[in-house]
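A.B. asks: Here you go, final.txt (compact mmCIF, C-alpha atoms):
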# COMPACT_ATOMS: atom_id res chain seq x y z
CA THR P 1 63.63 33.12 9.14
CA GLN P 2 61.13 30.94 7.35
CA LEU P 3 58.26 32.78 5.68
CA LEU P 4 55.06 31.61 4.06
CA GLU P 5 53.32 33.89 1.56
CA GLN P 6 49.66 33.34 0.85
CA SER P 7 47.76 34.69 -2.11
CA PRO P 8 45.34 36.16 -2.67
CA GLN P 9 44.81 37.99 0.64
CA PHE P 10 41.11 38.52 -0.08
CA LEU P 11 38.68 36.71 -2.33
CA SER P 12 35.01 37.46 -2.85
CA ILE P 13 33.15 35.11 -5.16
CA GLN P 14 29.65 33.93 -5.99
CA GLU P 15 28.28 30.61 -4.84
CA GLY P 16 29.15 27.87 -7.31
CA GLU P 17 32.45 29.35 -8.49
CA ASN P 18 35.81 27.60 -8.16
CA LEU P 19 38.86 29.13 -6.49
CA THR P 20 42.48 28.39 -5.68
CA VAL P 21 44.54 29.70 -2.79
CA TYR P 22 48.33 29.55 -2.94
CA CYS P 23 50.92 29.20 -0.21
CA ASN P 24 54.57 29.73 -1.19
CA SER P 25 57.88 29.68 0.61
CA SER P 26 61.58 29.73 -0.19
CA SER P 27 62.09 27.17 2.60
CA VAL P 28 61.44 23.46 2.71
CA PHE P 29 58.97 22.23 5.29
CA SER P 30 58.63 18.71 6.62
CA SER P 31 54.87 19.10 6.38
CA LEU P 32 52.31 21.74 5.57
CA GLN P 33 48.95 22.20 7.21
CA TRP P 34 45.81 24.05 6.13
CA TYR P 35 43.43 25.57 8.66
CA ARG P 36 40.13 27.43 8.47
CA GLN P 37 39.27 30.04 11.03
CA GLU P 38 35.84 31.58 11.56
CA PRO P 39 35.21 34.87 13.38
CA GLY P 40 35.56 34.54 17.15
CA GLU P 41 37.04 31.06 16.93
CA GLY P 42 40.45 29.45 16.76
CA PRO P 43 41.78 27.82 13.59
CA VAL P 44 40.56 24.32 12.80
CA LEU P 45 42.86 21.89 11.03
CA LEU P 46 41.60 20.81 7.59
CA VAL P 47 44.48 18.70 6.33
CA THR P 48 48.19 17.92 6.69
CA VAL P 49 50.32 17.16 3.62
CA VAL P 50 53.67 15.53 4.15
CA THR P 51 55.03 14.05 0.92
CA GLY P 52 56.21 16.16 -2.02
CA GLY P 53 53.64 15.98 -4.82
CA GLU P 54 50.96 14.72 -2.44
CA VAL P 55 47.32 15.48 -3.26
CA LYS P 56 44.56 15.15 -0.67
CA LYS P 57 40.84 15.62 -1.15
CA LEU P 58 38.30 16.61 1.45
CA LYS P 59 34.88 16.68 -0.23
CA ARG P 60 35.02 19.78 -2.49
CA LEU P 61 38.46 20.82 -1.23
CA THR P 62 41.67 19.61 -2.93
CA PHE P 63 45.05 20.20 -1.31
CA GLN P 64 48.38 19.81 -3.07
CA PHE P 65 51.94 19.86 -1.72
CA GLY P 66 54.62 20.91 -4.19
CA ASP P 67 57.26 18.42 -5.31
CA ALA P 68 59.99 20.42 -3.53
CA ARG P 69 57.86 20.74 -0.35
CA LYS P 70 58.06 24.54 -0.47
CA ASP P 71 54.60 25.39 -1.72
CA SER P 72 51.02 24.23 -1.51
CA SER P 73 47.63 25.04 -2.94
CA LEU P 74 44.04 24.70 -1.85
CA HIS P 75 41.37 24.40 -4.54
CA ILE P 76 37.67 24.66 -3.74
CA THR P 77 35.16 23.43 -6.29
CA ALA P 78 31.66 24.90 -6.43
CA ALA P 79 32.14 27.14 -3.40
CA GLN P 80 29.27 27.50 -0.95
CA PRO P 81 28.48 30.26 1.59
CA GLY P 82 29.50 27.84 4.33
CA ASP P 83 33.06 27.93 2.96
CA THR P 84 33.37 31.57 4.03
CA GLY P 85 36.23 32.13 6.45
CA LEU P 86 39.95 32.75 6.86
CA TYR P 87 42.13 30.05 5.31
CA LEU P 88 45.61 29.68 6.76
CA CYS P 89 48.53 27.57 5.66
CA ALA P 90 51.18 26.62 8.20
CA GLY P 91 54.57 25.03 7.73
CA ASP P 92 55.97 22.62 10.27
CA ASN P 93 59.66 21.95 10.81
CA ALA P 94 59.78 21.69 14.57
CA GLY P 95 56.80 19.88 15.97
CA ASN P 96 54.20 22.31 17.22
CA MET P 97 56.24 25.42 16.35
CA LEU P 98 54.28 26.34 13.22
CA THR P 99 55.05 29.13 10.76
CA PHE P 100 51.77 30.56 9.48
CA GLY P 101 51.03 32.33 6.24
CA GLY P 102 49.19 35.66 6.34
CA GLY P 103 45.88 34.05 5.45
CA THR P 104 43.29 34.30 2.69
CA ARG P 105 39.97 35.79 3.66
CA LEU P 106 37.27 34.13 1.55
CA MET P 107 33.72 35.36 1.19
CA VAL P 108 31.22 33.30 -0.79
CA LYS P 109 28.06 35.21 -1.63
CA PRO P 110 24.77 33.36 -2.18
CA LYS A 1 35.04 15.47 24.93
CA ALA A 2 35.55 19.09 25.95
CA GLY A 3 37.73 21.23 23.69
CA VAL A 4 40.51 23.62 24.60
CA THR A 5 39.22 26.21 27.05
CA GLN A 6 40.73 29.66 27.31
CA THR A 7 39.86 32.24 29.95
CA PRO A 8 39.04 35.02 30.03
CA ARG A 9 37.46 35.51 26.61
CA TYR A 10 38.02 39.26 26.58
CA LEU A 11 40.38 41.46 28.57
CA ILE A 12 41.03 45.19 28.64
CA LYS A 13 44.19 46.49 30.25
CA THR A 14 46.18 49.71 30.24
CA ARG A 15 49.79 50.22 29.27
CA GLY A 16 52.28 49.16 31.91
CA GLN A 17 49.99 46.63 33.56
CA GLN A 18 50.54 42.90 33.47
CA VAL A 19 48.12 40.16 32.45
CA THR A 20 47.75 36.41 32.93
CA LEU A 21 45.85 34.24 30.46
CA SER A 22 44.77 30.69 31.16
CA CYS A 23 44.43 27.61 28.97
CA SER A 24 42.96 24.22 29.82
CA PRO A 25 43.91 21.63 27.18
CA ILE A 26 41.86 18.70 26.00
CA SER A 27 41.95 15.92 28.57
CA GLY A 28 44.97 13.69 27.96
CA HIS A 29 46.85 16.27 25.89
CA ARG A 30 50.28 17.00 27.31
CA SER A 31 51.51 19.64 24.87
CA VAL A 32 50.27 23.23 25.02
CA SER A 33 51.34 25.90 22.53
CA TRP A 34 50.60 29.61 22.53
CA TYR A 35 50.21 31.85 19.48
CA GLN A 36 49.61 35.57 19.04
CA GLN A 37 47.31 36.70 16.22
CA THR A 38 47.24 40.30 14.99
CA PRO A 39 45.88 41.82 11.76
CA GLY A 40 49.36 43.02 10.78
CA GLN A 41 51.57 40.08 11.71
CA GLY A 42 49.12 37.21 11.49
CA LEU A 43 49.65 34.17 13.69
CA GLN A 44 53.01 33.98 15.42
CA PHE A 45 54.34 31.24 17.68
CA LEU A 46 55.04 32.27 21.26
CA PHE A 47 56.08 29.09 23.09
CA GLU A 48 55.28 25.44 23.66
CA TYR A 49 55.17 23.45 26.87
CA PHE A 50 55.27 19.70 27.37
CA SER A 51 55.20 18.03 30.77
CA GLU A 52 55.80 21.36 32.53
CA THR A 53 58.92 22.12 30.44
CA GLN A 54 59.24 24.78 27.79
CA ARG A 55 60.27 22.94 24.62
CA ASN A 56 60.27 25.74 22.08
CA LYS A 57 60.19 29.52 22.20
CA GLY A 58 59.35 32.02 19.48
CA ASN A 59 60.91 35.39 18.81
CA PHE A 60 59.16 37.47 21.47
CA PRO A 61 60.64 39.67 24.20
CA GLY A 62 61.15 38.41 27.73
CA ARG A 63 57.99 40.23 28.84
CA PHE A 64 56.14 37.22 27.47
CA SER A 65 56.41 34.17 29.67
CA GLY A 66 54.48 31.04 30.38
CA ARG A 67 54.28 27.95 32.47
CA GLN A 68 52.55 24.60 32.56
CA PHE A 69 51.21 22.82 35.59
CA SER A 70 51.25 19.12 36.42
CA ASN A 71 47.65 18.76 35.15
CA SER A 72 48.81 20.20 31.75
CA ARG A 73 46.91 23.46 32.25
CA SER A 74 48.98 26.40 31.09
CA GLU A 75 49.18 30.11 31.75
CA MET A 76 50.93 32.85 29.86
CA ASN A 77 51.91 36.17 31.36
CA VAL A 78 52.69 39.45 29.71
CA SER A 79 54.32 42.09 31.88
CA THR A 80 54.61 45.82 31.27
CA LEU A 81 51.95 45.80 28.58
CA GLU A 82 52.43 47.86 25.42
CA LEU A 83 49.81 49.01 22.92
CA GLY A 84 51.27 46.59 20.38
CA ASP A 85 50.43 43.65 22.64
CA SER A 86 46.76 44.05 21.69
CA ALA A 87 45.96 40.78 19.96
CA LEU A 88 44.05 37.54 20.01
CA TYR A 89 46.05 35.05 22.07
CA LEU A 90 45.42 31.47 21.02
CA CYS A 91 46.24 28.33 22.90
CA ALA A 92 46.50 24.97 21.19
CA SER A 93 46.87 21.52 22.67
CA SER A 94 48.02 18.22 21.23
CA LEU A 95 48.75 14.73 22.48
CA ASP A 96 52.44 15.16 21.84
CA TRP A 97 55.05 16.73 19.58
CA ALA A 98 53.98 17.02 15.92
CA GLU A 99 50.51 15.67 16.66
CA LYS A 100 47.32 17.39 15.48
CA LEU A 101 46.79 20.78 17.11
CA PHE A 102 43.43 21.75 18.56
CA PHE A 103 43.00 25.48 19.10
CA GLY A 104 40.89 27.24 21.69
CA SER A 105 38.71 30.25 20.85
CA GLY A 106 41.34 32.62 22.20
CA THR A 107 41.56 35.54 24.58
CA GLN A 108 41.10 38.94 22.95
CA LEU A 109 43.42 41.36 24.77
CA SER A 110 43.05 45.09 24.27
CA VAL A 111 45.72 47.39 25.69
CA LEU A 112 44.64 51.03 26.06
Any chance you could put this one into structure tokens?

C.D. replies:
Amino acid sequence: TQLLEQSPQFLSIQEGENLTVYCNSSSVFSSLQWYRQEPGEGPVLLVTVVTGGEVKKLKRLTFQFGDARKDSSLHITAAQPGDTGLYLCAGDNAGNMLTFGGGTRLMVKP
Amino acid sequence: KAGVTQTPRYLIKTRGQQVTLSCSPISGHRSVSWYQQTPGQGLQFLFEYFSETQRNKGNFPGRFSGRQFSNSRSEMNVSTLELGDSALYLCASSLDWAEKLFFGSGTQLSVL
């Protein structure tokens, strides 16, 4: 069974601070996806990383895929209240059959 | 372009009953996947349908079943409901295998 462990589970920070969320596994994934989910809504895809060592940037968000394709990180610079939500990583080895991490619940206070 | 539509939005059932949830994918999307989300287990894959055929199935008991119609709309059924089936059931559609997933807002099922 493939598992993805996310840390931290909860994060409460002030506006303007930086943060990093980690997603680790003992298994190799062909790709890793990051989603954000807001209350009452389904997850929304932020990015997909495919190549080991790959770094992708989405405005203030930086995503990295580990060289061995087993782990990933999400770094947010100068967090804003609008970044509040549940961040989920998901590993993909079989098309749309994703393995999700437990999630990181982020709260950014003004 | 309309997103993924799931109905109903909320559902309350009692133990032993059965329930059917519906999902209308984005127009043109042929793959529909179902996930269960609970506070304890997080998001877990249930099954995926493509062109009316089940392509993948997660580790759930046979009480959980689904189907897809020729217009790509999908339904999932849970029979003999248990308290532990209380969850947010999410449907996601994509153009094809390993393409970007678009999730609906989910159906919140409460089993009393």

A.B. asks: Could you check which of P:Gly101, P:Gly82, P:Pro110, P:Gly16 is closest to chain A, using all atoms listed in the file?

C.D. replies: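 Using all atoms listed in the file, the shortest distance to chain A belongs to P:Gly101.
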
A.B. asks: Hey, list the chain A side of the contact with chain P: 9 Å cut-off, all atoms listed in the file, answer as a compact mmCIF listing (two decimals) with C-alpha atoms, keeping the file's coordinate frame.

C.D. replies:
# COMPACT_ATOMS: atom_id res chain seq x y z
CA SER A 31 51.51 19.64 24.87
CA VAL A 32 50.27 23.23 25.02
CA SER A 33 51.34 25.90 22.53
CA PRO A 39 45.88 41.82 11.76
CA GLY A 40 49.36 43.02 10.78
CA GLN A 41 51.57 40.08 11.71
CA GLY A 42 49.12 37.21 11.49
CA LEU A 43 49.65 34.17 13.69
CA GLN A 44 53.01 33.98 15.42
CA PHE A 45 54.34 31.24 17.68
CA LEU A 46 55.04 32.27 21.26
CA PHE A 47 56.08 29.09 23.09
CA GLU A 48 55.28 25.44 23.66
CA ASN A 56 60.27 25.74 22.08
CA LYS A 57 60.19 29.52 22.20
CA GLY A 58 59.35 32.02 19.48
CA LEU A 90 45.42 31.47 21.02
CA CYS A 91 46.24 28.33 22.90
CA ALA A 92 46.50 24.97 21.19
CA SER A 94 48.02 18.22 21.23
CA ASP A 96 52.44 15.16 21.84
CA TRP A 97 55.05 16.73 19.58
CA ALA A 98 53.98 17.02 15.92
CA GLU A 99 50.51 15.67 16.66
CA LYS A 100 47.32 17.39 15.48
CA LEU A 101 46.79 20.78 17.11
CA PHE A 102 43.43 21.75 18.56
CA PHE A 103 43.00 25.48 19.10
CA GLY A 104 40.89 27.24 21.69
CA SER A 105 38.71 30.25 20.85
CA GLY A 106 41.34 32.62 22.20

A.B. asks: Can you work out the spacing between CA of Gly28 (chain A) and CA of Leu95 (chain A) in Å, to one decimal?

C.D. replies: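 Calculated distance between CA of Gly28 (chain A) and CA of Leu95 (chain A) is 6.7 Å.
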
A.B. asks: Can you work out the spacing between CA of Trp34 (chain A) and CA of Ala87 (chain A) in Å, to one decimal?

C.D. replies: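 These atoms are spaced 12.4 Å apart.
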
A.B. asks: Record the distance separating CA of Gly85 (chain P) and CA of Glu5 (chain P), expressed in Å with one decimal.

C.D. replies: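 These two atoms are separated by 17.9 Å.
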
A.B. asks: Quick one: axis-aligned box around all listed atoms of region 78-90 of chain A, 4 Å on every side, centre and edge lengths in Å to one decimal, written as JSON.

C.D. replies:
{"center_x": 49.3, "center_y": 40.2, "center_z": 25.9, "size_x": 18.6, "size_y": 25.5, "size_z": 19.9}

A.B. asks: Would you pick out the contacts of Leu106 (chain P) at 8 Å or less, using all atoms listed in the file, so that residues sharing its chain but fewer than 4 positions from it are not included, and give the list as number ranges by chain?

C.D. replies: P: 10-13, 83-87

A.B. asks: Have a look at A:Ser93, A:Ser86, A:Gln37, A:Gln18 and name the one nearest to Arg63 (chain A); count all atoms listed in the file.

C.D. replies: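 For Arg63 (chain A), the nearest of the given residues is A:Gln18.
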
A.B. asks: Taking all atoms listed in the file into account, name the residue in A:Ala2, A:Thr38, A:Ser74, A:Glu52 that is nearest to Cys23 (chain A).

C.D. replies: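 Closest candidate: A:Ser74.
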
A.B. asks: Set the distance at 9 Å and use only C-alpha atoms: which residues neighbour Pro81 (chain P) once local chain neighbours fewer than 4 positions away are removed? I'd like the list as a list in words.

C.D. replies: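 Close residues of Pro81 (chain P): Gln14, Glu15, Met107, Val108, Lys109 and Pro110 of chain P.
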
A.B. asks: A:Ile26, A:Val4, A:Leu83, A:Met76: which is nearest Leu112 (chain A), counting all atoms listed in the file?

C.D. replies: A:Leu83

A.B. asks: Within 7 Å of Val111 (chain A), counting only C-alpha atoms, which residues show up once you throw out same-chain ones fewer than 6 positions away? Write them as an MDAnalysis selection string, please.

C.D. replies: chainID A and resid 12:15 82:83 85:86

A.B. asks: As a PyMOL selection string, please: the residues near Tyr10 (chain A) (cut-off 9 Å, all atoms listed in the file, same-chain neighbours under 5 positions excluded).

C.D. replies: chain A and resi 106-110

A.B. asks: Which one of P:Ala79, P:Leu19, P:Ala68, P:Leu74 sits closest to Gln6 (chain P) if you count all atoms listed in the file?

C.D. replies: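 Answer, going by the shortest atom-to-atom distance: P:Leu74.
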
A.B. asks: Start from the incomplete input, build N, CA and C atoms for region 76-94 of chain A, and deliver everything as a PDB file, keeping the file's coordinate frame.

C.D. replies:
ATOM      1  N   MET A  76      49.906  31.978  30.408  1.00  0.00           N
ATOM      2  CA  MET A  76      50.930  32.850  29.860  1.00  0.00           C
ATOM      3  C   MET A  76      50.766  34.224  30.503  1.00  0.00           C
ATOM      4  N   ASN A  77      51.877  34.867  30.692  1.00  0.00           N
ATOM      5  CA  ASN A  77      51.910  36.170  31.360  1.00  0.00           C
ATOM      6  C   ASN A  77      52.591  37.178  30.458  1.00  0.00           C
ATOM      7  N   VAL A  78      52.030  38.356  30.405  1.00  0.00           N
ATOM      8  CA  VAL A  78      52.690  39.450  29.710  1.00  0.00           C
ATOM      9  C   VAL A  78      52.844  40.589  30.703  1.00  0.00           C
ATOM     10  N   SER A  79      54.075  41.002  30.933  1.00  0.00           N
ATOM     11  CA  SER A  79      54.320  42.090  31.880  1.00  0.00           C
ATOM     12  C   SER A  79      54.538  43.397  31.118  1.00  0.00           C
ATOM     13  N   THR A  80      54.385  44.483  31.825  1.00  0.00           N
ATOM     14  CA  THR A  80      54.610  45.820  31.270  1.00  0.00           C
ATOM     15  C   THR A  80      53.985  45.945  29.870  1.00  0.00           C
ATOM     16  N   LEU A  81      52.680  45.819  29.836  1.00  0.00           N
ATOM     17  CA  LEU A  81      51.950  45.800  28.580  1.00  0.00           C
ATOM     18  C   LEU A  81      52.203  47.036  27.720  1.00  0.00           C
ATOM     19  N   GLU A  82      52.289  46.791  26.416  1.00  0.00           N
ATOM     20  CA  GLU A  82      52.430  47.860  25.420  1.00  0.00           C
ATOM     21  C   GLU A  82      51.215  47.819  24.503  1.00  0.00           C
ATOM     22  N   LEU A  83      50.956  48.951  23.819  1.00  0.00           N
ATOM     23  CA  LEU A  83      49.810  49.010  22.920  1.00  0.00           C
ATOM     24  C   LEU A  83      49.865  47.903  21.873  1.00  0.00           C
ATOM     25  N   GLY A  84      51.085  47.608  21.414  1.00  0.00           N
ATOM     26  CA  GLY A  84      51.270  46.590  20.380  1.00  0.00           C
ATOM     27  C   GLY A  84      50.988  45.176  20.838  1.00  0.00           C
ATOM     28  N   ASP A  85      50.756  44.990  22.124  1.00  0.00           N
ATOM     29  CA  ASP A  85      50.430  43.650  22.640  1.00  0.00           C
ATOM     30  C   ASP A  85      48.952  43.328  22.436  1.00  0.00           C
ATOM     31  N   SER A  86      48.173  44.295  21.983  1.00  0.00           N
ATOM     32  CA  SER A  86      46.760  44.050  21.690  1.00  0.00           C
ATOM     33  C   SER A  86      46.665  42.992  20.599  1.00  0.00           C
ATOM     34  N   ALA A  87      45.990  41.915  20.899  1.00  0.00           N
ATOM     35  CA  ALA A  87      45.960  40.780  19.960  1.00  0.00           C
ATOM     36  C   ALA A  87      44.995  39.735  20.471  1.00  0.00           C
ATOM     37  N   LEU A  88      44.761  38.751  19.600  1.00  0.00           N
ATOM     38  CA  LEU A  88      44.050  37.540  20.010  1.00  0.00           C
ATOM     39  C   LEU A  88      45.126  36.515  20.382  1.00  0.00           C
ATOM     40  N   TYR A  89      45.085  36.039  21.605  1.00  0.00           N
ATOM     41  CA  TYR A  89      46.050  35.050  22.070  1.00  0.00           C
ATOM     42  C   TYR A  89      45.386  33.678  22.039  1.00  0.00           C
ATOM     43  N   LEU A  90      45.979  32.803  21.237  1.00  0.00           N
ATOM     44  CA  LEU A  90      45.420  31.470  21.020  1.00  0.00           C
ATOM     45  C   LEU A  90      46.262  30.407  21.690  1.00  0.00           C
ATOM     46  N   CYS A  91      45.588  29.481  22.293  1.00  0.00           N
ATOM     47  CA  CYS A  91      46.240  28.330  22.900  1.00  0.00           C
ATOM     48  C   CYS A  91      45.854  27.104  22.091  1.00  0.00           C
ATOM     49  N   ALA A  92      46.783  26.195  21.913  1.00  0.00           N
ATOM     50  CA  ALA A  92      46.500  24.970  21.190  1.00  0.00           C
ATOM     51  C   ALA A  92      47.068  23.793  21.963  1.00  0.00           C
ATOM     52  N   SER A  93      46.348  22.696  21.990  1.00  0.00           N
ATOM     53  CA  SER A  93      46.870  21.520  22.670  1.00  0.00           C
ATOM     54  C   SER A  93      46.978  20.351  21.706  1.00  0.00           C
ATOM     55  N   SER A  94      47.862  19.430  22.028  1.00  0.00           N
ATOM     56  CA  SER A  94      48.020  18.220  21.230  1.00  0.00           C
ATOM     57  C   SER A  94      48.489  17.098  22.158  1.00  0.00           C
TER      58      SER A  94
END
